[in-house]
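All remarks here apply to the structure that follows.
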Amino acid sequence: MLKGNHNKGVQGNRNGTSNVKEHRSKERLNLPFVGIPSFYRFPVCHDLETLDADIAFLGVPFDEGTLHRPGSRLAPRCIRDASLRTAPKNGEYFDINRKKIFLRDLINENRIWDCGDTDVRYSLPMDTFKNLSNDVATILSRGAFPVVIGGDHSITYPIVRAYATDPIDLVVIDGHLDFSDSRMGVTHASGNPLRRCSELSNVRKIVHVGIRGIRLTKKDYDAAIENGNVVITDADLRKHGIVKCLKKAFPLKNVYVSIDVDGLDPVIAPGTSGLEPGGVRYEEAIALFELLTEHAPIVGFDINEVNPFLDPSYVTAVLATNLIMQFLFLATSARHWRHRKLIPSKQWL
Ligand SMILES: [Mn+2]
């Protein structure tokens with residue numbers, strides 16, 4: 001009974017039928033459920049050595065560092081899918097809050113690419129980390145800004161060690177410090193990445209935002225304070241607001257931003273393994289991006305710990321797609337964008 005009017009050569013009408021002319025048009029609607037999903041439908045780069053981009057998306061489908069419920073290995077694919085809802089229309093984004101168009105030139109000049117996923121050597125996490133460091137160093141060597149989609153939070157250390165930029169300051173939204181040194185020989189899981197980063201000679205300051213919960217040990221907290229980290233708790237945010245809290249950590253330089261979605265309120269980010277009541281609100285995360293991008297050049301970004309198994313509603317993946325884009329809107333329109341220092345560590349090339 002599917003008798004489309006186009007078969008009869010009749011002009012389209014308001015009954016929802018198309019006409020011949022439109023049917024033959026090369027223009028596509030590319031609805032979110034149609035086609036091959038790349039991040040936000042950006043073009044796909046199959047060979048990092050030939051990458052010619054300003055911004056490079058990289059997936060890391062790895063969750064062998066998860067303490068509790070695994071599944072974040074499926075986040076890059078899920079976030080690609082969720083991002084199709086927010087793929088740019090007409091080669092640009094319009095932000096209603098700021099009444100401003102973003103990313104137009106970068107999109108129209110093909111400066112943003114999806115570089116696929118780091119190759120995961122399953123059961124060999126250190127080999128996976130080597131692949132990840134190599135991928136990030138290669139992206140940096142091509143002059144592109146990496147946007148990395150995890151994976152559990154253990155991926156942040158192999159990313160940061162791929163930089164030779166000096167100094168680097170880390171700003172991390174997270175419910176936890178992730179500053180554990182070693183537990184029964186475990187040193188590279190999702191609870192360790194910022195401790196490992198602190199051991200890199202070019203990492204200067206670490207700023208934790210959204211810390212809360214009752215699982216934190218005093219030993220890890222004392223170690224973070226002794227290292228000079230700035231710890232902004234959930235209670236600090238409620239009492240003083242994000243602006244005042246973050247300004248305490250200034251000045252910062254060459255900022256690397258890492259977002260563990262468990263840093264956000266589980267009410268808006270239920271799909272993650274490390275749930276903690278309370279936490280950073282969406283508006284506070286955006287305000288943090290605003291402050292940071294106005295303050296200093298940004299050198300990299302990752303978002304991690306989205307677990308699609310724990311969130312069939314997709315709300316956490318959609319949150320991630322919005323956070324990524326809001327971050328890119330602000331970073332690319334900031335005056336510091338052109339001064340970003342993307343220097344790869346030769347060790348990982
Ligand atoms: Mn974390």
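Following the order of the structure tokens, chains are lettered A, B, ..., residues in each are numbered from 1, and ligands are numbered from 1.
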Residues within 9 Å of ligand 1 should be enumerated using only C-alpha atoms and all ligand atoms and returned as a VMD selection string. chain A and resid 152 to 154 172 to 178 190 to 194 258 to 263 274 304 to 305
Can you write just those residues out, N, CA and C atoms, as an mmCIF file, in the first residue's frame?
data_model
loop_
_atom_site.group_PDB
_atom_site.id
_atom_site.type_symbol
_atom_site.label_atom_id
_atom_site.label_comp_id
_atom_site.auth_asym_id
_atom_site.auth_seq_id
_atom_site.Cartn_x
_atom_site.Cartn_y
_atom_site.Cartn_z
ATOM 1 N N ASP A 152 36.985 4.103 30.545
ATOM 2 C CA ASP A 152 37.024 4.492 31.946
ATOM 3 C C ASP A 152 38.140 5.516 32.155
ATOM 4 N N HIS A 153 38.239 6.037 33.379
ATOM 5 C CA HIS A 153 39.113 7.196 33.605
ATOM 6 C C HIS A 153 40.604 6.864 33.539
ATOM 7 N N SER A 154 40.935 5.571 33.522
ATOM 8 C CA SER A 154 42.362 5.208 33.414
ATOM 9 C C SER A 154 42.972 5.725 32.111
ATOM 10 N N VAL A 172 39.957 18.856 36.349
ATOM 11 C CA VAL A 172 39.230 17.589 36.281
ATOM 12 C C VAL A 172 37.901 17.716 37.008
ATOM 13 N N ILE A 173 36.818 17.419 36.305
ATOM 14 C CA ILE A 173 35.527 17.271 36.996
ATOM 15 C C ILE A 173 35.381 15.798 37.338
ATOM 16 N N ASP A 174 35.174 15.502 38.616
ATOM 17 C CA ASP A 174 35.129 14.100 39.044
ATOM 18 C C ASP A 174 34.515 14.040 40.439
ATOM 19 N N GLY A 175 33.797 12.976 40.737
ATOM 20 C CA GLY A 175 33.304 12.785 42.095
ATOM 21 C C GLY A 175 34.415 12.342 43.035
ATOM 22 N N HIS A 176 35.523 11.870 42.440
ATOM 23 C CA HIS A 176 36.598 11.270 43.243
ATOM 24 C C HIS A 176 37.938 11.895 42.878
ATOM 25 N N LEU A 177 38.915 11.723 43.765
ATOM 26 C CA LEU A 177 40.230 12.311 43.501
ATOM 27 C C LEU A 177 41.014 11.536 42.445
ATOM 28 N N ASP A 178 40.776 10.229 42.337
ATOM 29 C CA ASP A 178 41.550 9.382 41.409
ATOM 30 C C ASP A 178 43.047 9.596 41.602
ATOM 31 N N SER A 190 41.108 2.988 37.183
ATOM 32 C CA SER A 190 40.359 4.249 37.103
ATOM 33 C C SER A 190 40.530 5.129 38.346
ATOM 34 N N GLY A 191 41.097 4.567 39.428
ATOM 35 C CA GLY A 191 41.329 5.360 40.636
ATOM 36 C C GLY A 191 42.727 5.955 40.720
ATOM 37 N N ASN A 192 43.560 5.729 39.708
ATOM 38 C CA ASN A 192 44.969 6.146 39.770
ATOM 39 C C ASN A 192 45.409 7.246 38.783
ATOM 40 N N PRO A 193 44.616 7.614 37.782
ATOM 41 C CA PRO A 193 45.205 8.370 36.664
ATOM 42 C C PRO A 193 45.830 9.705 37.061
ATOM 43 N N LEU A 194 45.235 10.409 38.032
ATOM 44 C CA LEU A 194 45.775 11.736 38.347
ATOM 45 C C LEU A 194 47.043 11.620 39.183
ATOM 46 N N SER A 258 39.665 17.200 31.808
ATOM 47 C CA SER A 258 39.185 15.819 31.852
ATOM 48 C C SER A 258 37.850 15.787 32.598
ATOM 49 N N ILE A 259 36.839 15.230 31.940
ATOM 50 C CA ILE A 259 35.507 15.168 32.554
ATOM 51 C C ILE A 259 35.147 13.706 32.810
ATOM 52 N N ASP A 260 35.130 13.334 34.089
ATOM 53 C CA ASP A 260 34.560 12.049 34.475
ATOM 54 C C ASP A 260 33.081 12.329 34.744
ATOM 55 N N VAL A 261 32.185 11.658 34.026
ATOM 56 C CA VAL A 261 30.763 12.023 34.184
ATOM 57 C C VAL A 261 30.229 11.705 35.583
ATOM 58 N N ASP A 262 30.994 10.919 36.372
ATOM 59 C CA ASP A 262 30.522 10.716 37.751
ATOM 60 C C ASP A 262 30.746 11.957 38.602
ATOM 61 N N GLY A 263 31.454 12.951 38.058
ATOM 62 C CA GLY A 263 31.574 14.237 38.746
ATOM 63 C C GLY A 263 30.276 15.020 38.698
ATOM 64 N N GLY A 274 30.578 4.945 38.884
ATOM 65 C CA GLY A 274 31.013 5.511 40.168
ATOM 66 C C GLY A 274 30.045 6.503 40.776
ATOM 67 N N ASN A 304 34.922 10.790 30.009
ATOM 68 C CA ASN A 304 35.059 9.361 30.267
ATOM 69 C C ASN A 304 33.987 8.863 31.223
ATOM 70 N N GLU A 305 33.937 7.542 31.379
ATOM 71 C CA GLU A 305 33.058 6.851 32.346
ATOM 72 C C GLU A 305 31.571 6.878 31.998
#
Need to verify the contact set: range 280-283 of chain A, 12 Å, only C-alpha atoms, exclusion of same-chain residues closer than 3 positions in sequence. Can you return it as an NGL selection string? :A and (97 or 172-175 or 208-212 or 232-238 or 241-243 or 259-269 or 276-277 or 286-290 or 316 or 318-320 or 322-324 or 326-327)
Please, could you write that set of residues out with N, CA and C atoms as a compact mmCIF listing (two decimals), in the first residue's frame?
# COMPACT_ATOMS: atom_id res chain seq x y z
N ASN A 97 21.39 30.31 23.78
CA ASN A 97 21.69 31.10 24.99
C ASN A 97 22.59 32.29 24.68
N VAL A 172 39.96 18.86 36.35
CA VAL A 172 39.23 17.59 36.28
C VAL A 172 37.90 17.72 37.01
N ILE A 173 36.82 17.42 36.31
CA ILE A 173 35.53 17.27 37.00
C ILE A 173 35.38 15.80 37.34
N ASP A 174 35.17 15.50 38.62
CA ASP A 174 35.13 14.10 39.04
C ASP A 174 34.52 14.04 40.44
N GLY A 175 33.80 12.98 40.74
CA GLY A 175 33.30 12.79 42.09
C GLY A 175 34.41 12.34 43.03
N HIS A 208 40.86 19.59 41.09
CA HIS A 208 39.75 18.63 41.14
C HIS A 208 38.46 19.39 41.44
N VAL A 209 37.43 19.16 40.66
CA VAL A 209 36.15 19.87 40.86
C VAL A 209 35.02 18.86 41.04
N GLY A 210 34.29 18.98 42.17
CA GLY A 210 33.11 18.12 42.39
C GLY A 210 33.34 16.97 43.34
N ILE A 211 34.45 17.03 44.09
CA ILE A 211 34.82 15.91 44.98
C ILE A 211 33.80 15.76 46.10
N ARG A 212 33.40 14.50 46.35
CA ARG A 212 32.40 14.23 47.40
C ARG A 212 32.38 12.73 47.69
N ILE A 232 38.30 21.12 45.01
CA ILE A 232 37.03 21.85 45.16
C ILE A 232 35.94 20.82 45.37
N THR A 233 35.38 20.84 46.58
CA THR A 233 34.36 19.83 46.90
C THR A 233 32.98 20.29 46.42
N ASP A 234 32.08 19.34 46.46
CA ASP A 234 30.68 19.65 46.16
C ASP A 234 30.15 20.71 47.13
N ALA A 235 30.53 20.58 48.40
CA ALA A 235 30.09 21.55 49.41
C ALA A 235 30.64 22.94 49.10
N ASP A 236 31.90 23.01 48.64
CA ASP A 236 32.49 24.31 48.25
C ASP A 236 31.67 24.96 47.13
N LEU A 237 31.27 24.14 46.15
CA LEU A 237 30.49 24.67 45.02
C LEU A 237 29.17 25.25 45.49
N ARG A 238 28.52 24.52 46.42
CA ARG A 238 27.21 24.99 46.90
C ARG A 238 27.36 26.29 47.70
N GLY A 241 29.98 28.90 44.93
CA GLY A 241 29.74 28.99 43.49
C GLY A 241 30.99 28.63 42.70
N ILE A 242 30.80 28.22 41.47
CA ILE A 242 31.91 27.70 40.64
C ILE A 242 32.94 28.79 40.33
N VAL A 243 32.49 30.02 40.12
CA VAL A 243 33.42 31.08 39.69
C VAL A 243 34.45 31.34 40.78
N ILE A 259 36.84 15.23 31.94
CA ILE A 259 35.51 15.17 32.55
C ILE A 259 35.15 13.71 32.81
N ASP A 260 35.13 13.33 34.09
CA ASP A 260 34.56 12.05 34.48
C ASP A 260 33.08 12.33 34.74
N VAL A 261 32.19 11.66 34.03
CA VAL A 261 30.76 12.02 34.18
C VAL A 261 30.23 11.71 35.58
N ASP A 262 30.99 10.92 36.37
CA ASP A 262 30.52 10.72 37.75
C ASP A 262 30.75 11.96 38.60
N GLY A 263 31.45 12.95 38.06
CA GLY A 263 31.57 14.24 38.75
C GLY A 263 30.28 15.02 38.70
N LEU A 264 29.45 14.71 37.70
CA LEU A 264 28.17 15.41 37.57
C LEU A 264 27.12 14.74 38.45
N ASP A 265 26.09 15.48 38.73
CA ASP A 265 25.00 14.97 39.56
C ASP A 265 24.39 13.73 38.91
N PRO A 266 24.29 12.60 39.65
CA PRO A 266 23.71 11.39 39.05
C PRO A 266 22.28 11.58 38.55
N VAL A 267 21.62 12.63 39.01
CA VAL A 267 20.28 12.91 38.51
C VAL A 267 20.33 13.22 37.01
N ILE A 268 21.41 13.88 36.57
CA ILE A 268 21.56 14.17 35.13
C ILE A 268 22.54 13.24 34.44
N ALA A 269 23.28 12.43 35.22
CA ALA A 269 24.25 11.49 34.63
C ALA A 269 24.18 10.14 35.36
N GLU A 276 27.84 8.98 42.78
CA GLU A 276 27.90 9.64 44.09
C GLU A 276 26.80 10.68 44.15
N PRO A 277 25.96 10.64 45.18
CA PRO A 277 24.92 11.68 45.32
C PRO A 277 25.53 13.07 45.40
N ILE A 286 29.30 24.17 32.31
CA ILE A 286 29.41 25.17 31.23
C ILE A 286 30.12 26.43 31.75
N ALA A 287 29.77 26.84 32.97
CA ALA A 287 30.43 28.02 33.56
C ALA A 287 31.92 27.76 33.73
N LEU A 288 32.27 26.53 34.11
CA LEU A 288 33.69 26.17 34.23
C LEU A 288 34.39 26.28 32.87
N PHE A 289 33.74 25.78 31.81
CA PHE A 289 34.32 25.88 30.47
C PHE A 289 34.52 27.35 30.09
N GLU A 290 33.53 28.18 30.42
CA GLU A 290 33.61 29.61 30.08
C GLU A 290 34.80 30.26 30.76
N THR A 316 22.76 10.03 29.75
CA THR A 316 24.17 10.33 30.06
C THR A 316 24.98 10.55 28.79
N VAL A 318 23.76 11.61 25.95
CA VAL A 318 23.32 12.90 25.39
C VAL A 318 23.96 14.06 26.16
N LEU A 319 24.04 13.92 27.47
CA LEU A 319 24.73 14.92 28.28
C LEU A 319 26.17 15.08 27.78
N ALA A 320 26.84 13.94 27.54
CA ALA A 320 28.23 13.98 27.07
C ALA A 320 28.32 14.71 25.72
N ASN A 322 26.45 17.02 24.56
CA ASN A 322 26.24 18.46 24.77
C ASN A 322 27.45 19.10 25.45
N LEU A 323 28.02 18.42 26.43
CA LEU A 323 29.20 18.97 27.10
C LEU A 323 30.36 19.14 26.12
N ILE A 324 30.56 18.13 25.27
CA ILE A 324 31.65 18.20 24.29
C ILE A 324 31.46 19.42 23.39
N GLN A 326 29.49 22.15 23.82
CA GLN A 326 29.57 23.42 24.54
C GLN A 326 31.03 23.78 24.79
N PHE A 327 31.83 22.76 25.13
CA PHE A 327 33.25 23.02 25.35
C PHE A 327 33.90 23.53 24.05
Could you list, as a PDB file with N, CA and C atoms, in the first residue's frame, every residue within 9 Å of Val257 in chain A, counting only C-alpha atoms and ignoring same-chain residues fewer than 3 positions away?
ATOM      1  N   ASP A 169      48.568  22.217  33.055  1.00  0.00           N
ATOM      2  CA  ASP A 169      47.723  22.189  34.251  1.00  0.00           C
ATOM      3  C   ASP A 169      46.480  21.372  33.936  1.00  0.00           C
ATOM      4  N   LEU A 170      46.097  20.505  34.845  1.00  0.00           N
ATOM      5  CA  LEU A 170      44.919  19.656  34.631  1.00  0.00           C
ATOM      6  C   LEU A 170      43.733  20.191  35.421  1.00  0.00           C
ATOM      7  N   VAL A 171      42.598  20.293  34.763  1.00  0.00           N
ATOM      8  CA  VAL A 171      41.348  20.617  35.465  1.00  0.00           C
ATOM      9  C   VAL A 171      40.397  19.449  35.246  1.00  0.00           C
ATOM     10  N   VAL A 172      39.957  18.856  36.349  1.00  0.00           N
ATOM     11  CA  VAL A 172      39.230  17.589  36.281  1.00  0.00           C
ATOM     12  C   VAL A 172      37.901  17.716  37.008  1.00  0.00           C
ATOM     13  N   ILE A 173      36.818  17.419  36.305  1.00  0.00           N
ATOM     14  CA  ILE A 173      35.527  17.271  36.996  1.00  0.00           C
ATOM     15  C   ILE A 173      35.381  15.798  37.338  1.00  0.00           C
ATOM     16  N   PHE A 289      33.736  25.778  31.811  1.00  0.00           N
ATOM     17  CA  PHE A 289      34.322  25.882  30.465  1.00  0.00           C
ATOM     18  C   PHE A 289      34.519  27.351  30.088  1.00  0.00           C
ATOM     19  N   ILE A 298      43.778  26.088  25.995  1.00  0.00           N
ATOM     20  CA  ILE A 298      43.431  24.711  26.349  1.00  0.00           C
ATOM     21  C   ILE A 298      44.186  23.798  25.377  1.00  0.00           C
ATOM     22  N   VAL A 299      44.727  22.696  25.882  1.00  0.00           N
ATOM     23  CA  VAL A 299      45.528  21.829  25.010  1.00  0.00           C
ATOM     24  C   VAL A 299      44.884  20.468  24.739  1.00  0.00           C
ATOM     25  N   GLY A 300      43.846  20.113  25.489  1.00  0.00           N
ATOM     26  CA  GLY A 300      43.227  18.811  25.235  1.00  0.00           C
ATOM     27  C   GLY A 300      41.988  18.622  26.086  1.00  0.00           C
ATOM     28  N   PHE A 301      41.208  17.609  25.724  1.00  0.00           N
ATOM     29  CA  PHE A 301      39.925  17.383  26.394  1.00  0.00           C
ATOM     30  C   PHE A 301      39.602  15.900  26.333  1.00  0.00           C
ATOM     31  N   ASP A 302      39.179  15.352  27.466  1.00  0.00           N
ATOM     32  CA  ASP A 302      38.597  14.001  27.378  1.00  0.00           C
ATOM     33  C   ASP A 302      37.337  13.948  28.225  1.00  0.00           C
ATOM     34  N   ILE A 303      36.458  13.024  27.855  1.00  0.00           N
ATOM     35  CA  ILE A 303      35.262  12.763  28.659  1.00  0.00           C
ATOM     36  C   ILE A 303      35.185  11.247  28.799  1.00  0.00           C
TER      37      ILE A 303
END
Write down as a ChimeraX atom specification the residues of range 202-334 of chain A whose backbone DSSP state falls under strand (DSSP E). /A:203-211,230-233,255-260,298-304
Convert the current residue selection to file output with C-alpha atoms, as a CSV table (one decimal), in the first residue's frame.
chain,number,residue,atom,x,y,z
A,203,VAL,CA,52.4,18.4,34.8
A,204,ARG,CA,52.3,21.4,37.2
A,205,LYS,CA,48.9,21.8,38.9
A,206,ILE,CA,45.9,19.5,39.3
A,207,VAL,CA,42.5,21.0,40.0
A,208,HIS,CA,39.8,18.6,41.1
A,209,VAL,CA,36.2,19.9,40.9
A,210,GLY,CA,33.1,18.1,42.4
A,211,ILE,CA,34.8,15.9,45.0
A,230,VAL,CA,43.4,22.3,44.4
A,231,VAL,CA,40.5,20.3,45.7
A,232,ILE,CA,37.0,21.9,45.2
A,233,THR,CA,34.4,19.8,46.9
A,255,VAL,CA,45.0,23.5,30.5
A,256,TYR,CA,44.0,19.9,29.8
A,257,VAL,CA,40.4,19.3,30.7
A,258,SER,CA,39.2,15.8,31.9
A,259,ILE,CA,35.5,15.2,32.6
A,260,ASP,CA,34.6,12.0,34.5
A,298,ILE,CA,43.4,24.7,26.3
A,299,VAL,CA,45.5,21.8,25.0
A,300,GLY,CA,43.2,18.8,25.2
A,301,PHE,CA,39.9,17.4,26.4
A,302,ASP,CA,38.6,14.0,27.4
A,303,ILE,CA,35.3,12.8,28.7
A,304,ASN,CA,35.1,9.4,30.3
Could you please write out, as a VMD selection string, every residue of range 136-289 of chain A that DSSP assigns to helix (DSSP H, G or I)? chain A and resid 136 to 141 153 to 160 193 to 198 218 to 226 234 to 240 242 to 247 261 to 263 282 to 289
Just write the chosen residues, C-alpha atoms, as a PDB file, in the first residue's frame.
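Now in out_24.pdb:
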ATOM      1  CA  VAL A 136      47.417  11.141  20.770  1.00  0.00           C
ATOM      2  CA  ALA A 137      51.067  12.028  20.048  1.00  0.00           C
ATOM      3  CA  THR A 138      50.392  11.523  16.331  1.00  0.00           C
ATOM      4  CA  ILE A 139      47.284  13.745  16.467  1.00  0.00           C
ATOM      5  CA  LEU A 140      49.350  16.440  18.229  1.00  0.00           C
ATOM      6  CA  SER A 141      52.149  16.083  15.674  1.00  0.00           C
ATOM      7  CA  HIS A 153      39.113   7.196  33.605  1.00  0.00           C
ATOM      8  CA  SER A 154      42.362   5.208  33.414  1.00  0.00           C
ATOM      9  CA  ILE A 155      42.695   6.522  29.835  1.00  0.00           C
ATOM     10  CA  THR A 156      43.631  10.040  30.996  1.00  0.00           C
ATOM     11  CA  TYR A 157      47.187   9.149  32.006  1.00  0.00           C
ATOM     12  CA  PRO A 158      48.187   7.599  28.638  1.00  0.00           C
ATOM     13  CA  ILE A 159      46.718  10.689  26.948  1.00  0.00           C
ATOM     14  CA  VAL A 160      48.526  13.259  29.107  1.00  0.00           C
ATOM     15  CA  PRO A 193      45.205   8.370  36.664  1.00  0.00           C
ATOM     16  CA  LEU A 194      45.775  11.736  38.347  1.00  0.00           C
ATOM     17  CA  ARG A 195      48.424  10.294  40.669  1.00  0.00           C
ATOM     18  CA  ARG A 196      50.257   8.949  37.602  1.00  0.00           C
ATOM     19  CA  CYS A 197      49.838  12.302  35.820  1.00  0.00           C
ATOM     20  CA  SER A 198      51.292  14.099  38.858  1.00  0.00           C
ATOM     21  CA  LYS A 218      42.419  10.577  54.070  1.00  0.00           C
ATOM     22  CA  LYS A 219      45.696   9.171  52.764  1.00  0.00           C
ATOM     23  CA  ASP A 220      44.807  10.064  49.157  1.00  0.00           C
ATOM     24  CA  TYR A 221      43.434  13.464  50.173  1.00  0.00           C
ATOM     25  CA  ASP A 222      46.592  14.304  52.134  1.00  0.00           C
ATOM     26  CA  ALA A 223      48.736  13.176  49.191  1.00  0.00           C
ATOM     27  CA  ALA A 224      46.775  15.432  46.821  1.00  0.00           C
ATOM     28  CA  ILE A 225      47.119  18.453  49.117  1.00  0.00           C
ATOM     29  CA  GLU A 226      50.808  17.736  49.649  1.00  0.00           C
ATOM     30  CA  ASP A 234      30.680  19.651  46.157  1.00  0.00           C
ATOM     31  CA  ALA A 235      30.086  21.554  49.408  1.00  0.00           C
ATOM     32  CA  ASP A 236      32.493  24.313  48.249  1.00  0.00           C
ATOM     33  CA  LEU A 237      30.490  24.670  45.023  1.00  0.00           C
ATOM     34  CA  ARG A 238      27.210  24.991  46.901  1.00  0.00           C
ATOM     35  CA  LYS A 239      28.633  27.527  49.345  1.00  0.00           C
ATOM     36  CA  HIS A 240      30.766  29.747  47.092  1.00  0.00           C
ATOM     37  CA  ILE A 242      31.908  27.704  40.645  1.00  0.00           C
ATOM     38  CA  VAL A 243      33.416  31.080  39.691  1.00  0.00           C
ATOM     39  CA  LYS A 244      34.863  31.886  43.101  1.00  0.00           C
ATOM     40  CA  CYS A 245      36.018  28.299  43.646  1.00  0.00           C
ATOM     41  CA  LEU A 246      37.809  27.984  40.320  1.00  0.00           C
ATOM     42  CA  LYS A 247      39.448  31.395  40.511  1.00  0.00           C
ATOM     43  CA  VAL A 261      30.763  12.023  34.184  1.00  0.00           C
ATOM     44  CA  ASP A 262      30.522  10.716  37.751  1.00  0.00           C
ATOM     45  CA  GLY A 263      31.574  14.237  38.746  1.00  0.00           C
ATOM     46  CA  TYR A 282      25.231  21.040  33.878  1.00  0.00           C
ATOM     47  CA  GLU A 283      25.213  24.840  34.159  1.00  0.00           C
ATOM     48  CA  GLU A 284      28.239  24.719  36.460  1.00  0.00           C
ATOM     49  CA  ALA A 285      30.179  22.611  33.957  1.00  0.00           C
ATOM     50  CA  ILE A 286      29.407  25.171  31.233  1.00  0.00           C
ATOM     51  CA  ALA A 287      30.430  28.023  33.561  1.00  0.00           C
ATOM     52  CA  LEU A 288      33.692  26.170  34.234  1.00  0.00           C
ATOM     53  CA  PHE A 289      34.322  25.882  30.465  1.00  0.00           C
TER      54      PHE A 289
END
